[in-house]
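> File final.txt below, compact mmCIF, C-alpha atoms:
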# COMPACT_ATOMS: atom_id res chain seq x y z
CA MET A 1 237.34 363.51 286.97
CA THR A 2 238.46 362.48 283.48
CA ARG A 3 236.60 363.75 280.44
CA VAL A 4 235.18 360.28 279.71
CA GLU A 5 233.71 359.97 283.21
CA GLU A 6 232.43 363.55 282.99
CA ASN A 7 230.48 362.61 279.88
CA LYS A 8 228.95 359.55 281.52
CA GLU A 9 227.11 361.14 284.41
CA GLY A 10 223.77 359.83 283.14
CA ILE A 11 220.69 361.01 285.04
CA LYS A 12 222.84 362.89 287.62
CA GLY A 13 224.36 365.03 284.87
CA MET A 14 220.97 365.58 283.27
CA ALA A 15 219.39 366.59 286.59
CA ASN A 16 222.16 368.98 287.69
CA PRO A 17 220.54 372.44 287.34
CA THR A 18 223.54 374.44 288.59
CA ARG A 19 226.08 373.91 285.83
CA TYR A 20 224.72 375.84 282.86
CA GLY A 21 222.41 378.49 284.34
CA ILE A 22 218.74 379.07 283.56
CA GLU A 23 219.00 377.22 280.22
CA ARG A 24 219.80 373.99 282.09
CA VAL A 25 216.92 374.65 284.51
CA ALA A 26 214.58 375.10 281.52
CA TYR A 27 215.94 371.88 279.96
CA LEU A 28 215.25 369.96 283.17
CA LEU A 29 211.83 371.54 283.76
CA MET A 30 210.84 370.80 280.15
CA ARG A 31 211.50 367.10 280.69
CA LEU A 32 209.92 366.95 284.16
CA THR A 33 206.77 368.79 283.01
CA GLY A 34 206.61 366.57 279.90
CA LEU A 35 206.72 363.42 282.02
CA GLY A 36 204.19 364.88 284.48
CA LEU A 37 201.82 365.80 281.66
CA LEU A 38 202.15 362.33 280.09
CA VAL A 39 201.24 360.72 283.44
CA TYR A 40 198.27 363.12 283.78
CA PHE A 41 197.18 362.42 280.16
CA VAL A 42 197.10 358.63 280.72
CA ALA A 43 195.36 359.10 284.12
CA HIS A 44 192.81 361.48 282.52
CA ILE A 45 191.96 358.87 279.87
CA ALA A 46 191.54 356.19 282.56
CA GLU A 47 189.47 358.60 284.70
CA THR A 48 187.11 359.65 281.89
CA SER A 49 186.54 356.02 280.84
CA SER A 50 184.46 355.63 284.04
CA ILE A 51 181.65 357.40 282.17
CA LEU A 52 180.99 354.11 280.37
CA GLN A 53 179.93 352.55 283.69
CA GLY A 54 177.11 355.02 284.25
CA LYS A 55 176.29 358.05 286.39
CA VAL A 56 177.18 356.47 289.75
CA ALA A 57 180.69 355.47 288.62
CA TRP A 58 181.22 358.91 287.04
CA ASP A 59 180.09 360.73 290.19
CA GLU A 60 182.35 358.54 292.34
CA MET A 61 185.34 359.29 290.09
CA LEU A 62 184.47 362.99 290.04
CA ALA A 63 184.25 363.07 293.85
CA LEU A 64 187.85 361.82 293.98
CA THR A 65 189.01 364.76 291.87
CA GLN A 66 186.84 367.40 293.60
CA THR A 67 188.93 367.38 296.78
CA THR A 68 191.59 369.82 297.96
CA GLY A 69 194.28 367.36 296.86
CA GLY A 70 192.59 366.91 293.47
CA HIS A 71 192.44 370.69 292.96
CA ILE A 72 196.12 371.10 293.88
CA ILE A 73 197.12 368.34 291.43
CA LEU A 74 195.03 370.02 288.71
CA ALA A 75 196.66 373.40 289.49
CA LEU A 76 200.09 371.75 289.12
CA VAL A 77 198.95 370.26 285.79
CA ILE A 78 197.87 373.73 284.61
CA GLY A 79 201.28 375.16 285.58
CA MET A 80 203.15 372.29 283.89
CA CYS A 81 201.03 372.68 280.77
CA VAL A 82 201.65 376.45 280.47
CA PHE A 83 205.40 376.14 281.11
CA HIS A 84 205.76 373.22 278.67
CA THR A 85 203.81 375.12 275.98
CA VAL A 86 205.56 378.49 276.28
CA ASN A 87 209.03 377.01 276.70
CA GLY A 88 208.29 374.54 273.89
CA ILE A 89 207.52 377.41 271.51
CA ARG A 90 210.85 379.03 272.53
CA VAL A 91 212.68 375.75 271.82
CA MET A 92 210.94 375.38 268.45
CA LEU A 93 211.87 378.94 267.45
CA GLY A 94 215.46 378.30 268.57
CA HIS A 95 215.65 375.09 266.53
CA GLY A 96 214.38 377.10 263.57
CA GLY A 97 217.23 379.56 264.04
CA ILE A 98 215.00 382.36 265.36
CA GLY A 99 216.39 384.42 268.25
CA VAL A 100 219.70 382.59 268.48
CA GLY A 101 221.85 385.37 267.02
CA THR A 102 224.60 385.00 264.46
CA PRO A 103 227.58 382.70 264.96
CA GLY A 104 230.71 384.49 266.14
CA ARG A 105 234.24 383.65 267.26
CA LEU A 106 234.23 382.30 270.80
CA ASP A 107 236.48 384.44 272.96
CA TYR A 108 236.90 384.24 276.71
CA PRO A 109 234.58 384.13 278.75
CA TYR A 110 232.91 382.01 276.05
CA LYS A 111 229.37 383.35 275.94
CA PRO A 112 227.63 381.65 273.00
CA PRO A 113 225.30 384.05 271.11
CA SER A 114 222.51 381.48 271.30
CA GLN A 115 222.33 381.81 275.10
CA ASN A 116 221.25 385.43 274.86
CA ALA A 117 218.91 387.73 276.81
CA ARG A 118 215.95 386.99 274.50
CA HIS A 119 216.00 383.31 275.42
CA LYS A 120 216.60 384.00 279.10
CA ILE A 121 213.62 386.42 279.16
CA ALA A 122 211.49 383.80 277.38
CA ILE A 123 212.41 381.18 280.00
CA TYR A 124 211.64 383.50 282.93
CA SER A 125 208.39 384.56 281.20
CA SER A 126 207.30 380.94 280.83
CA ILE A 127 207.88 380.36 284.56
CA VAL A 128 205.93 383.53 285.48
CA LEU A 129 203.07 382.69 283.09
CA ALA A 130 202.87 379.18 284.55
CA ALA A 131 202.61 380.65 288.07
CA ILE A 132 199.86 383.10 286.97
CA ALA A 133 197.92 380.28 285.25
CA MET A 134 198.19 378.12 288.39
CA MET A 135 196.82 380.96 290.52
CA TYR A 136 193.94 381.52 288.08
CA GLY A 137 193.19 377.78 288.09
CA LEU A 138 193.19 377.68 291.89
CA ALA A 139 190.87 380.72 291.99
CA VAL A 140 188.42 379.02 289.60
CA MET A 141 188.50 375.68 291.44
CA PHE A 142 188.39 376.98 295.02
CA GLY A 143 186.22 379.98 294.20
CA GLU A 144 183.09 377.83 293.84
CA MET B 1 212.30 357.28 259.85
CA ARG B 2 214.86 360.08 260.05
CA GLU B 3 215.12 361.82 263.40
CA SER B 4 214.63 365.23 261.71
CA VAL B 5 211.27 364.06 260.32
CA ILE B 6 210.26 362.68 263.74
CA MET B 7 211.06 366.05 265.36
CA LYS B 8 208.97 367.88 262.74
CA ILE B 9 206.07 365.55 263.63
CA HIS B 10 206.80 366.21 267.33
CA TYR B 11 206.57 369.98 266.85
CA GLY B 12 203.57 369.76 264.49
CA THR B 13 201.58 367.63 266.94
CA ALA B 14 202.52 370.06 269.74
CA LEU B 15 201.24 373.15 267.90
CA ALA B 16 198.01 371.44 266.79
CA ALA B 17 197.42 370.05 270.30
CA VAL B 18 197.88 373.49 271.92
CA ALA B 19 195.11 374.95 269.73
CA LEU B 20 192.71 372.04 270.26
CA VAL B 21 193.36 371.64 274.00
CA ALA B 22 192.60 375.36 274.37
CA VAL B 23 189.15 374.70 272.81
CA HIS B 24 188.71 371.63 275.08
CA VAL B 25 189.47 373.75 278.19
CA LEU B 26 187.25 376.63 276.99
CA PHE B 27 184.35 374.13 276.74
CA ARG B 28 184.69 373.61 280.52
CA LEU B 29 184.47 377.37 281.04
CA THR B 30 181.32 377.90 278.90
CA GLN B 31 179.41 377.19 282.10
CA ASN B 32 180.21 376.88 285.79
CA PHE B 33 183.28 374.58 286.14
CA ALA B 34 181.53 372.08 288.47
CA GLU B 35 178.33 372.07 286.35
CA SER B 36 180.32 371.39 283.18
CA LEU B 37 181.62 368.17 284.76
CA GLU B 38 178.19 366.79 285.64
CA TYR B 39 177.31 363.45 284.02
CA GLU B 40 174.54 364.83 281.76
CA SER B 41 176.72 367.73 280.62
CA VAL B 42 179.68 365.47 279.78
CA ILE B 43 177.43 362.99 277.92
CA ALA B 44 175.96 365.92 275.92
CA ASN B 45 179.51 367.03 275.05
CA TYR B 46 180.44 363.54 273.80
CA GLN B 47 177.23 363.27 271.74
CA PHE B 48 178.01 366.54 269.97
CA LEU B 49 179.88 364.95 267.06
CA PRO B 50 182.26 367.82 266.15
CA TYR B 51 183.41 367.90 269.80
CA ALA B 52 183.79 364.10 269.94
CA GLY B 53 185.83 364.27 266.73
CA MET B 54 188.01 366.97 268.25
CA LEU B 55 188.58 364.81 271.36
CA GLU B 56 189.68 361.93 269.10
CA ILE B 57 192.13 364.20 267.27
CA ILE B 58 193.50 365.54 270.61
CA LEU B 59 193.89 361.93 271.81
CA ILE B 60 195.94 360.98 268.75
CA LEU B 61 198.04 364.19 268.74
CA LEU B 62 198.89 364.04 272.45
CA SER B 63 199.64 360.30 272.35
CA ILE B 64 202.10 360.77 269.49
CA HIS B 65 203.69 363.86 271.11
CA GLY B 66 203.77 362.40 274.63
CA PHE B 67 205.20 359.00 273.81
CA ASN B 68 207.71 360.42 271.34
CA GLY B 69 208.80 362.83 274.09
CA LEU B 70 209.23 359.89 276.46
CA ARG B 71 211.27 358.08 273.79
CA VAL B 72 213.53 361.13 273.38
CA ILE B 73 214.09 361.44 277.16
CA LEU B 74 214.91 357.72 277.52
CA ILE B 75 217.31 357.78 274.56
CA GLU B 76 219.04 360.86 276.04
CA LEU B 77 219.67 358.86 279.22
CA LYS B 78 221.07 355.71 277.65
CA GLN B 79 222.13 354.72 274.17
CA GLY B 80 222.68 351.42 272.37
CA ARG B 81 221.11 349.67 269.41
CA SER B 82 218.98 347.17 271.37
CA PHE B 83 218.01 349.72 274.07
CA GLU B 84 216.93 352.28 271.47
CA LYS B 85 214.92 349.67 269.55
CA SER B 86 213.13 348.45 272.68
CA VAL B 87 212.36 352.02 273.75
CA THR B 88 211.02 352.89 270.29
CA TYR B 89 208.82 349.80 270.00
CA GLY B 90 207.73 350.07 273.65
CA CYS B 91 206.64 353.69 273.12
CA ILE B 92 204.81 352.83 269.88
CA GLY B 93 203.01 349.97 271.68
CA ALA B 94 202.05 352.15 274.66
CA MET B 95 200.89 354.90 272.29
CA ALA B 96 198.68 352.45 270.37
CA LEU B 97 197.17 351.12 273.63
CA VAL B 98 196.34 354.60 274.91
CA ILE B 99 194.79 355.59 271.57
CA LEU B 100 192.70 352.38 271.45
CA TYR B 101 191.53 352.72 275.06
CA GLY B 102 190.67 356.42 274.71
CA SER B 103 188.93 355.87 271.35
CA ARG B 104 186.78 353.17 272.94
CA THR B 105 185.49 355.70 275.51
CA ILE B 106 184.85 358.36 272.86
CA PHE B 107 183.09 356.05 270.37
CA LEU B 108 180.92 354.19 272.89
CA THR B 109 179.87 357.39 274.72
CA SER B 110 179.13 359.35 271.56
CA MET B 111 176.99 356.45 270.27
CA GLY B 112 175.02 356.46 273.54
CA MET B 113 176.28 353.05 274.69
CA THR B 114 176.81 354.02 278.35
Show me the file's structure as structure tokens.


Amino acid sequence: MTRVEENKEGIKGMANPTRYGIERVAYLLMRLTGLGLLVYFVAHIAETSSILQGKVAWDEMLALTQTTGGHIILALVIGMCVFHTVNGIRVMLGHGGIGVGTPGRLDYPYKPPSQNARHKIAIYSSIVLAAIAMMYGLAVMFGE
Amino acid sequence: MRESVIMKIHYGTALAAVALVAVHVLFRLTQNFAESLEYESVIANYQFLPYAGMLEIILILLSIHGFNGLRVILIELKQGRSFEKSVTYGCIGAMALVILYGSRTIFLTSMGMT
């Protein structure tokens, strides 16, 4: 593959999680969770607007969300929200130059100082925290 | 507007939204989760003006953050002057619609017009 074609992979290149390690996985998850949360946000606004049509409409809408499927979707939203928040703070700190190390000469095997253990730990922590939050959410929703 | 300024707004709205959404979620946990979603309880929440004001701020912050995020993702996928302009104006339009629709719910419910 020529360099020009390599740089024009579009969505395939963006979605490939194997090429650059956990940083690429975090990049992909950040975008997927962002899109998921945007869809949930718009749906939540549409859902809550049913309150304007009175108690019956609200109860009908609530019944739709108080099902096993509704609880699972909400648990996924909780997980996406926690991952997006924690990883977002990591990205913000990185953009501010915090935790990225000092620039150095790139020698083989070309490990950039910015892709260091601190950032990798932060990414894994955000995934673990998201899983814990999802479990807590499921316990609250199914525990009633 | 310069992209660096837009990203500062993106990060600012994110940090503010995290704090306010945490309060919004904690409101659901002040009582039993199912009870907090009952019609009377939700109406009482909306008619508590500081809370209604906070919901309006969350609506604006998340709309700006969400639709700017969508704009960034779409521009990462494809570039070009006309594509970027349509994405930017499309996202601003969608953001305005969501804010207007959400504000309508907040204002009418908090004024007791349900």

> Please identify every residue of chain A that has at least one atom no more than 7 Å from any atom of chain B, counting only C-alpha atoms, and report them as a list in words.

Gly10, Ile11, Leu38, Ile45, Ser49, Leu52, Gln53, Gly54, Lys55 and Trp58 of chain A

> May I have the residues from that selection written out with C-alpha atoms, as an mmCIF file, in the coordinates of the input?


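Generated output (again-v1.cif):
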data_model
loop_
_atom_site.group_PDB
_atom_site.id
_atom_site.type_symbol
_atom_site.label_atom_id
_atom_site.label_comp_id
_atom_site.auth_asym_id
_atom_site.auth_seq_id
_atom_site.Cartn_x
_atom_site.Cartn_y
_atom_site.Cartn_z
ATOM 1 C CA GLY A 10 223.770 359.830 283.140
ATOM 2 C CA ILE A 11 220.690 361.010 285.040
ATOM 3 C CA LEU A 38 202.150 362.330 280.090
ATOM 4 C CA ILE A 45 191.960 358.870 279.870
ATOM 5 C CA SER A 49 186.540 356.020 280.840
ATOM 6 C CA LEU A 52 180.990 354.110 280.370
ATOM 7 C CA GLN A 53 179.930 352.550 283.690
ATOM 8 C CA GLY A 54 177.110 355.020 284.250
ATOM 9 C CA LYS A 55 176.290 358.050 286.390
ATOM 10 C CA TRP A 58 181.220 358.910 287.040
#

> Which residues are near Gly90 in chain B? Cut-off 10 Å, only C-alpha atoms, ignore same chain within fewer than 6 positions. Put them as a PyMOL selection string.

chain B and resi 67+71+84+96

> How would you write as a ChimeraX atom specification the residues that get within 6 Å of (202.7, 370.6, 284.0) in the file's frame, counting all atoms listed in the file?

/A:33,36-37,76-81

> Between CA of Asn68 in chain B and CA of Phe83 in chain B, what is the spacing in Å?

15.1 Å

> Select, from A:Met134, A:Leu35, A:Ile123, A:Ala15, the residue with the minimum atom-to-atom distance to Gly88 in chain A, counting all atoms listed in the file.

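Checking each candidate against Gly88 in chain A, we get A:Ile123 as the closest.
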
> In Å, rounded to a single decimal, give me how far CA of Ile75 in chain B is from CA of Val5 in chain B.

16.7 Å

> For a test of reading the model, state the distance in Å between CA of Ala122 in chain A and CA of Asn87 in chain A, rounded to one decimal.

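Computing it gives 7.3 Å between the two atoms.
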
> Counting only C-alpha atoms, what is within 12 Å of range 95-98 of chain A, bar same-chain residues fewer than 4 positions away, as a PyMOL selection string?

(chain A and resi 88-91+102-103+113-114+116+118-119) or (chain B and resi 4+7-8+11)

> Calculated over only C-alpha atoms, which of the candidates A:Tyr110, A:Tyr20, A:Tyr27, A:Tyr136 has the smallest distance to Val82 in chain A?

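Nearest candidate to Val82 in chain A out of A:Tyr110, A:Tyr20, A:Tyr27, A:Tyr136: A:Tyr136.
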
> From the options A:Gly13, A:Pro112, A:Gly137, A:Gly143, which residue's atoms come nearest to Ala75 in chain A, counting all atoms listed in the file?

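Counting all atoms listed in the file, the residue closest to Ala75 in chain A is A:Gly137.
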
> Generate N, CA and C atoms for range 5-33 of chain B and emit them as a PDB file, keeping the file's coordinate frame.


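Once written, part-v5.pdb looks like this:
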ATOM      1  N   VAL B   5     212.692 364.168 260.676  1.00  0.00           N
ATOM      2  CA  VAL B   5     211.270 364.060 260.320  1.00  0.00           C
ATOM      3  C   VAL B   5     210.447 363.837 261.593  1.00  0.00           C
ATOM      4  N   ILE B   6     210.977 362.964 262.482  1.00  0.00           N
ATOM      5  CA  ILE B   6     210.260 362.680 263.740  1.00  0.00           C
ATOM      6  C   ILE B   6     210.101 363.974 264.554  1.00  0.00           C
ATOM      7  N   MET B   7     211.150 364.811 264.584  1.00  0.00           N
ATOM      8  CA  MET B   7     211.060 366.050 265.360  1.00  0.00           C
ATOM      9  C   MET B   7     210.070 367.031 264.731  1.00  0.00           C
ATOM     10  N   LYS B   8     209.973 367.014 263.385  1.00  0.00           N
ATOM     11  CA  LYS B   8     208.970 367.880 262.740  1.00  0.00           C
ATOM     12  C   LYS B   8     207.569 367.421 263.144  1.00  0.00           C
ATOM     13  N   ILE B   9     207.361 366.086 263.188  1.00  0.00           N
ATOM     14  CA  ILE B   9     206.070 365.550 263.630  1.00  0.00           C
ATOM     15  C   ILE B   9     205.825 365.945 265.092  1.00  0.00           C
ATOM     16  N   HIS B  10     206.903 365.866 265.900  1.00  0.00           N
ATOM     17  CA  HIS B  10     206.800 366.210 267.330  1.00  0.00           C
ATOM     18  C   HIS B  10     206.328 367.659 267.488  1.00  0.00           C
ATOM     19  N   TYR B  11     206.931 368.567 266.740  1.00  0.00           N
ATOM     20  CA  TYR B  11     206.570 369.980 266.850  1.00  0.00           C
ATOM     21  C   TYR B  11     205.188 370.244 266.236  1.00  0.00           C
ATOM     22  N   GLY B  12     204.881 369.592 265.134  1.00  0.00           N
ATOM     23  CA  GLY B  12     203.570 369.760 264.490  1.00  0.00           C
ATOM     24  C   GLY B  12     202.441 369.314 265.397  1.00  0.00           C
ATOM     25  N   THR B  13     202.618 368.135 266.029  1.00  0.00           N
ATOM     26  CA  THR B  13     201.580 367.630 266.940  1.00  0.00           C
ATOM     27  C   THR B  13     201.439 368.565 268.145  1.00  0.00           C
ATOM     28  N   ALA B  14     202.561 369.144 268.578  1.00  0.00           N
ATOM     29  CA  ALA B  14     202.520 370.060 269.740  1.00  0.00           C
ATOM     30  C   ALA B  14     201.681 371.292 269.408  1.00  0.00           C
ATOM     31  N   LEU B  15     201.947 371.916 268.263  1.00  0.00           N
ATOM     32  CA  LEU B  15     201.240 373.150 267.900  1.00  0.00           C
ATOM     33  C   LEU B  15     199.743 372.881 267.709  1.00  0.00           C
ATOM     34  N   ALA B  16     199.426 371.776 267.024  1.00  0.00           N
ATOM     35  CA  ALA B  16     198.010 371.440 266.790  1.00  0.00           C
ATOM     36  C   ALA B  16     197.322 371.139 268.122  1.00  0.00           C
ATOM     37  N   ALA B  17     198.021 370.415 269.007  1.00  0.00           N
ATOM     38  CA  ALA B  17     197.420 370.050 270.300  1.00  0.00           C
ATOM     39  C   ALA B  17     197.164 371.284 271.154  1.00  0.00           C
ATOM     40  N   VAL B  18     198.069 372.265 271.117  1.00  0.00           N
ATOM     41  CA  VAL B  18     197.880 373.490 271.920  1.00  0.00           C
ATOM     42  C   VAL B  18     196.566 374.164 271.522  1.00  0.00           C
ATOM     43  N   ALA B  19     196.328 374.282 270.208  1.00  0.00           N
ATOM     44  CA  ALA B  19     195.110 374.950 269.730  1.00  0.00           C
ATOM     45  C   ALA B  19     193.864 374.160 270.154  1.00  0.00           C
ATOM     46  N   LEU B  20     193.903 372.828 269.967  1.00  0.00           N
ATOM     47  CA  LEU B  20     192.710 372.040 270.260  1.00  0.00           C
ATOM     48  C   LEU B  20     192.456 371.877 271.752  1.00  0.00           C
ATOM     49  N   VAL B  21     193.538 371.754 272.543  1.00  0.00           N
ATOM     50  CA  VAL B  21     193.360 371.640 274.000  1.00  0.00           C
ATOM     51  C   VAL B  21     192.785 372.943 274.555  1.00  0.00           C
ATOM     52  N   ALA B  22     193.157 374.070 273.937  1.00  0.00           N
ATOM     53  CA  ALA B  22     192.600 375.360 274.370  1.00  0.00           C
ATOM     54  C   ALA B  22     191.076 375.344 274.186  1.00  0.00           C
ATOM     55  N   VAL B  23     190.601 374.799 273.048  1.00  0.00           N
ATOM     56  CA  VAL B  23     189.150 374.700 272.810  1.00  0.00           C
ATOM     57  C   VAL B  23     188.520 373.757 273.847  1.00  0.00           C
ATOM     58  N   HIS B  24     189.197 372.630 274.106  1.00  0.00           N
ATOM     59  CA  HIS B  24     188.710 371.630 275.080  1.00  0.00           C
ATOM     60  C   HIS B  24     188.552 372.272 276.468  1.00  0.00           C
ATOM     61  N   VAL B  25     189.524 373.088 276.878  1.00  0.00           N
ATOM     62  CA  VAL B  25     189.470 373.750 278.190  1.00  0.00           C
ATOM     63  C   VAL B  25     188.372 374.823 278.183  1.00  0.00           C
ATOM     64  N   LEU B  26     188.267 375.571 277.069  1.00  0.00           N
ATOM     65  CA  LEU B  26     187.250 376.630 276.990  1.00  0.00           C
ATOM     66  C   LEU B  26     185.834 376.042 277.100  1.00  0.00           C
ATOM     67  N   PHE B  27     185.653 374.801 276.616  1.00  0.00           N
ATOM     68  CA  PHE B  27     184.350 374.130 276.740  1.00  0.00           C
ATOM     69  C   PHE B  27     183.963 373.969 278.202  1.00  0.00           C
ATOM     70  N   ARG B  28     184.955 373.761 279.077  1.00  0.00           N
ATOM     71  CA  ARG B  28     184.690 373.610 280.520  1.00  0.00           C
ATOM     72  C   ARG B  28     184.287 374.949 281.114  1.00  0.00           C
ATOM     73  N   LEU B  29     184.726 376.044 280.473  1.00  0.00           N
ATOM     74  CA  LEU B  29     184.470 377.370 281.040  1.00  0.00           C
ATOM     75  C   LEU B  29     183.241 378.043 280.420  1.00  0.00           C
ATOM     76  N   THR B  30     182.529 377.314 279.497  1.00  0.00           N
ATOM     77  CA  THR B  30     181.320 377.900 278.900  1.00  0.00           C
ATOM     78  C   THR B  30     180.213 377.961 279.946  1.00  0.00           C
ATOM     79  N   GLN B  31     180.342 377.126 280.975  1.00  0.00           N
ATOM     80  CA  GLN B  31     179.410 377.190 282.100  1.00  0.00           C
ATOM     81  C   GLN B  31     180.228 377.080 283.376  1.00  0.00           C
ATOM     82  N   ASN B  32     179.546 377.053 284.504  1.00  0.00           N
ATOM     83  CA  ASN B  32     180.210 376.880 285.790  1.00  0.00           C
ATOM     84  C   ASN B  32     181.084 375.611 285.739  1.00  0.00           C
ATOM     85  N   PHE B  33     182.326 375.686 286.257  1.00  0.00           N
ATOM     86  CA  PHE B  33     183.280 374.580 286.140  1.00  0.00           C
ATOM     87  C   PHE B  33     182.697 373.260 286.667  1.00  0.00           C
TER      88      PHE B  33
END
